[in-house]
Amino acid sequence: MRGGTILHAISFALLCSVLMFILHLVPVNHLFIDPFSEAIKGHDMMDIAISRFRDHNDPDLFDDRILLINTGVTNRREIASVVDFLGRNDVAAIGVDLLFDTLFHNQDDSLLKISFQQHPKVILGYTFESSMDDPQSTIVGLQSDSFFSSNVFQGYVNLATNDGFTVRAFEPFRKINDSTVAAFSVYLASLRDDKLLDELKQRCSSTEWINFKRLQPGEINMTYPINSGHQVHYRMVHIDNFLKDTSHLDHSWLKNKIILLGFCGETEEAFSMKDRYFTPLNEQYTGRSLPDMHGVVVHANIISMLLDRDLIHDVSEKGIYGIAFLIFVLNYLIFTFLHRHDFFRSLPYIRLVQVFQFFIFLTTCILLLLNFNIKLGFTFIATCIILSYELYEFYLHKVKSWVEESLSTIGIWVTRNRIIHHK
């Protein structure tokens, strides 16, 4: 293949990569890619890979290190009794994913306060929000009243969600009120594994993808699109049943377990939408109508992932642009070869090549995620594939002649300098 074609392929790839970088930075709507943007909005490669291609029947997925207690309609006396019972056993941590922001000034409030303060392994949840005065600053949002939270460890329960309903990631650490604090799930996992905090900090990642593997438990939840396979990956019990008979919960069974108390429906028969999110485990990953996981189960998935060191690794931005550059080089060479034929004969083949590339990268992204926990930015790559021919035509008619003139000018200048230097 002629050297001039290779040079043009490299010039084309550089131009397209710079253009994609600019489009990525400029926060405006681009009409020529709006149809594609609308088609993929709200979706991610994780949804397809985890929902359709992951084996949820693996018995090793059952995580006996975590016990979920559904608190139902919050009864403070019952929660105090549960915390007292767990505190007398050698559990690793007790996470309370509930807010007690109202004081009723009754005996139940006092019992709950005493139970929290007597057991140092209790972690309460709270939320953070951006400061009204300084959008770049983060402050504490909703939290339990200081009557309950004084001298009690707390961790934020915020999840990295753009729409408030879809969860794929979380922030392990956050700077709040000028102090760096850990997330609710990170604190709980670190009480069982004291090496975890340092390892997470070494990753220097502001956001971590959640490697969802374990489905929402509970009989009422085992219907499409939530858990139609009736898989049980966490043991969950309603608080009333837990308190009814604790004789079978001996010290050895509870030892070193992480206990999560949170809302998973008013009763065992209730299908509640409160504190419920869409996750990549939703069986209906397109056009979803029902969120599939309660917040406390999301935290359980995060804890399992952290304890297993089963984190997802992102391909760096440099790596993504490197792949995009190679796609543009390859497509320039392919399009040039096909363009030697009549336009109306070559265009169908060009589209066929793009479709083939699309599915090759789709398969690659799924395999990397499932087998190696590597997340490749498929949306960006797919956009490069889709726009490559339109950008090729633009280069061919608007840029190629200018590049040839520039290369010719550079060649003449180099030749003259060689002659002068030789003389």
# chains A, B, ... in the order shown; residues from 1 in each chain; ligands from 1
call {"tool": "residues_around", "arguments": {"residues": "Ile334 in chain A", "least_positions_apart": "6", "cutoff": "12 Å", "atoms": "only C-alpha atoms", "output": "list in words"}}
result
Met1, Thr5, Ile6, Ala9, Ile327, Phe328, Arg340, Ser346, Leu347, Tyr349, Ile350, Arg351, Leu352, Val353, Gln354, Gln357, Ser388, Tyr389 and Tyr392 of chain A
call {"tool": "closest_residue", "arguments": {"among": "A:Lys257, A:Arg76, A:Glu208, A:Leu330", "to": "Phe104 in chain A", "atoms": "only C-alpha atoms"}}
result
A:Arg76
call {"tool": "closest_residue", "arguments": {"among": "A:Val399, A:Asp163, A:Glu269, A:Asp314", "to": "Asn373 in chain A", "atoms": "only C-alpha atoms"}}
result
A:Asp314
call {"tool": "closest_atom_pairs", "arguments": {"of": "range 217-299 of chain A", "to": "range 89-103 of chain A", "cutoff": "9 Å", "atoms": "only C-alpha atoms", "output": "CSV"}}
result
residue,atom,partner,partner_atom,distance
A:Asp250,CA,A:Asn89,CA,8.3
A:His251,CA,A:Asn89,CA,5.6
A:Ser252,CA,A:Asp90,CA,8.3
A:Leu254,CA,A:Val91,CA,5.8
A:Lys255,CA,A:Asp90,CA,4.8
A:Asn256,CA,A:Ala92,CA,4.3
A:Lys257,CA,A:Val91,CA,5.0
A:Ile258,CA,A:Ala93,CA,4.9
A:Ile259,CA,A:Ile94,CA,4.8
A:Leu260,CA,A:Gly95,CA,4.7
A:Leu261,CA,A:Val96,CA,4.9
A:Gly262,CA,A:Asp97,CA,4.9
A:Phe263,CA,A:Leu98,CA,7.7
A:Gly295,CA,A:Asp97,CA,8.3
A:Val296,CA,A:Asp97,CA,6.5
call {"tool": "select_by_dssp", "arguments": {"residues": "range 64-301 of chain A", "states": "alpha helix (DSSP H)", "output": "PyMOL selection string"}}
result
chain A and resi 76-87+107-118+146-149+184-192+196-203+239-244+251-254+295-301
call {"tool": "residues_around", "arguments": {"residues": "Ser131 in chain A", "least_positions_apart": "6", "cutoff": "12 Å", "atoms": "only C-alpha atoms", "output": "list in words"}}
result
Ser137, Thr138, Ile139, Val140, Gly141, Ile176 and Asn177 of chain A
call {"tool": "closest_atom_pairs", "arguments": {"of": "range 288-368 of chain A", "to": "range 377-386 of chain A", "cutoff": "10 Å", "atoms": "only C-alpha atoms", "output": "tab-separated table"}}
result
residue	atom	partner	partner_atom	distance
A:Asp314	CA	A:Gly377	CA	8.1
A:Val315	CA	A:Gly377	CA	7.3
A:Ser316	CA	A:Gly377	CA	9.1
A:Glu317	CA	A:Gly377	CA	8.8
A:Gly319	CA	A:Gly377	CA	9.7
A:Ile320	CA	A:Gly377	CA	6.9
A:Tyr321	CA	A:Ile381	CA	8.7
A:Ile323	CA	A:Ile381	CA	7.8
A:Ala324	CA	A:Ile381	CA	6.2
A:Phe325	CA	A:Cys384	CA	9.1
A:Ile327	CA	A:Ile385	CA	7.2
A:Phe328	CA	A:Cys384	CA	7.6
A:Asn331	CA	A:Ile385	CA	8.4
A:Arg351	CA	A:Ile386	CA	9.0
A:Val353	CA	A:Ile385	CA	9.5
A:Gln354	CA	A:Ile385	CA	6.2
A:Val355	CA	A:Ile385	CA	8.7
A:Gln357	CA	A:Ile385	CA	7.4
A:Phe358	CA	A:Ala382	CA	6.3
A:Phe359	CA	A:Ala382	CA	9.5
A:Phe361	CA	A:Phe378	CA	7.2
A:Leu362	CA	A:Phe378	CA	7.0
A:Thr364	CA	A:Phe378	CA	9.3
A:Cys365	CA	A:Phe378	CA	6.7
A:Ile366	CA	A:Phe378	CA	9.5
call {"tool": "residues_around", "arguments": {"residues": "Asp58 in chain A", "least_positions_apart": "3", "cutoff": "12 Å", "atoms": "only C-alpha atoms", "output": "VMD selection string"}}
result
chain A and resid 54 to 55 61 to 63 213 to 215 229 231 to 233
call {"tool": "closest_residue", "arguments": {"among": "A:Leu376, A:Leu243, A:Met305, A:Val181", "to": "Phe85 in chain A", "atoms": "only C-alpha atoms"}}
result
A:Leu243
call {"tool": "closest_atom_pairs", "arguments": {"of": "range 198-251 of chain A", "to": "range 186-191 of chain A", "cutoff": "12 Å", "atoms": "only C-alpha atoms", "output": "Markdown table"}}
result
| residue | atom | partner | partner_atom | distance |
| --- | --- | --- | --- | --- |
| A:Asp198 | CA | A:Ser190 | CA | 9.6 |
| A:Glu199 | CA | A:Ser190 | CA | 10.5 |
| A:Leu200 | CA | A:Val186 | CA | 9.1 |
| A:Lys201 | CA | A:Val186 | CA | 11.1 |
| A:Glu208 | CA | A:Val186 | CA | 11.5 |
call {"tool": "write_last_selection", "arguments": {"atoms": "N, CA, C and O atoms", "output": "PDB file, in the first residue's frame"}}
result
ATOM      1  N   ASP A 198      -6.987   1.285  53.211  1.00  0.00           N
ATOM      2  CA  ASP A 198      -5.720   1.678  52.579  1.00  0.00           C
ATOM      3  C   ASP A 198      -5.675   1.242  51.120  1.00  0.00           C
ATOM      4  O   ASP A 198      -5.210   1.987  50.246  1.00  0.00           O
ATOM      5  N   GLU A 199      -6.187   0.059  50.821  1.00  0.00           N
ATOM      6  CA  GLU A 199      -6.173  -0.438  49.446  1.00  0.00           C
ATOM      7  C   GLU A 199      -7.073   0.405  48.548  1.00  0.00           C
ATOM      8  O   GLU A 199      -6.732   0.691  47.395  1.00  0.00           O
ATOM      9  N   LEU A 200      -8.221   0.812  49.071  1.00  0.00           N
ATOM     10  CA  LEU A 200      -9.131   1.654  48.284  1.00  0.00           C
ATOM     11  C   LEU A 200      -8.526   3.024  48.020  1.00  0.00           C
ATOM     12  O   LEU A 200      -8.639   3.574  46.919  1.00  0.00           O
ATOM     13  N   LYS A 201      -7.883   3.583  49.030  1.00  0.00           N
ATOM     14  CA  LYS A 201      -7.259   4.895  48.869  1.00  0.00           C
ATOM     15  C   LYS A 201      -6.138   4.857  47.836  1.00  0.00           C
ATOM     16  O   LYS A 201      -5.934   5.813  47.086  1.00  0.00           O
ATOM     17  N   GLU A 208     -16.296   4.357  41.927  1.00  0.00           N
ATOM     18  CA  GLU A 208     -16.086   2.947  41.620  1.00  0.00           C
ATOM     19  C   GLU A 208     -17.370   2.354  41.048  1.00  0.00           C
ATOM     20  O   GLU A 208     -18.458   2.618  41.551  1.00  0.00           O
TER      21      GLU A 208
END
call {"tool": "atom_distance", "arguments": {"atom1": "CA of Leu142 in chain A", "atom2": "CA of Ala182 in chain A"}}
result
16.3 Å
call {"tool": "residues_around", "arguments": {"residues": "Phe184 in chain A", "least_positions_apart": "5", "cutoff": "8 Å", "atoms": "only C-alpha atoms", "output": "VMD selection string"}}
result
chain A and resid 95 123 to 125 154 to 157 299
call {"tool": "closest_residue", "arguments": {"among": "A:Arg174, A:Arg203, A:Lys244, A:His238", "to": "Ile69 in chain A", "atoms": "only C-alpha atoms"}}
result
A:His238
call {"tool": "closest_residue", "arguments": {"among": "A:Phe271, A:Phe173, A:Tyr224, A:Phe165", "to": "Cys204 in chain A", "atoms": "only C-alpha atoms"}}
result
A:Phe173
call {"tool": "atom_distance", "arguments": {"atom1": "CA of Pro172 in chain A", "atom2": "CA of Met132 in chain A"}}
result
23.4 Å
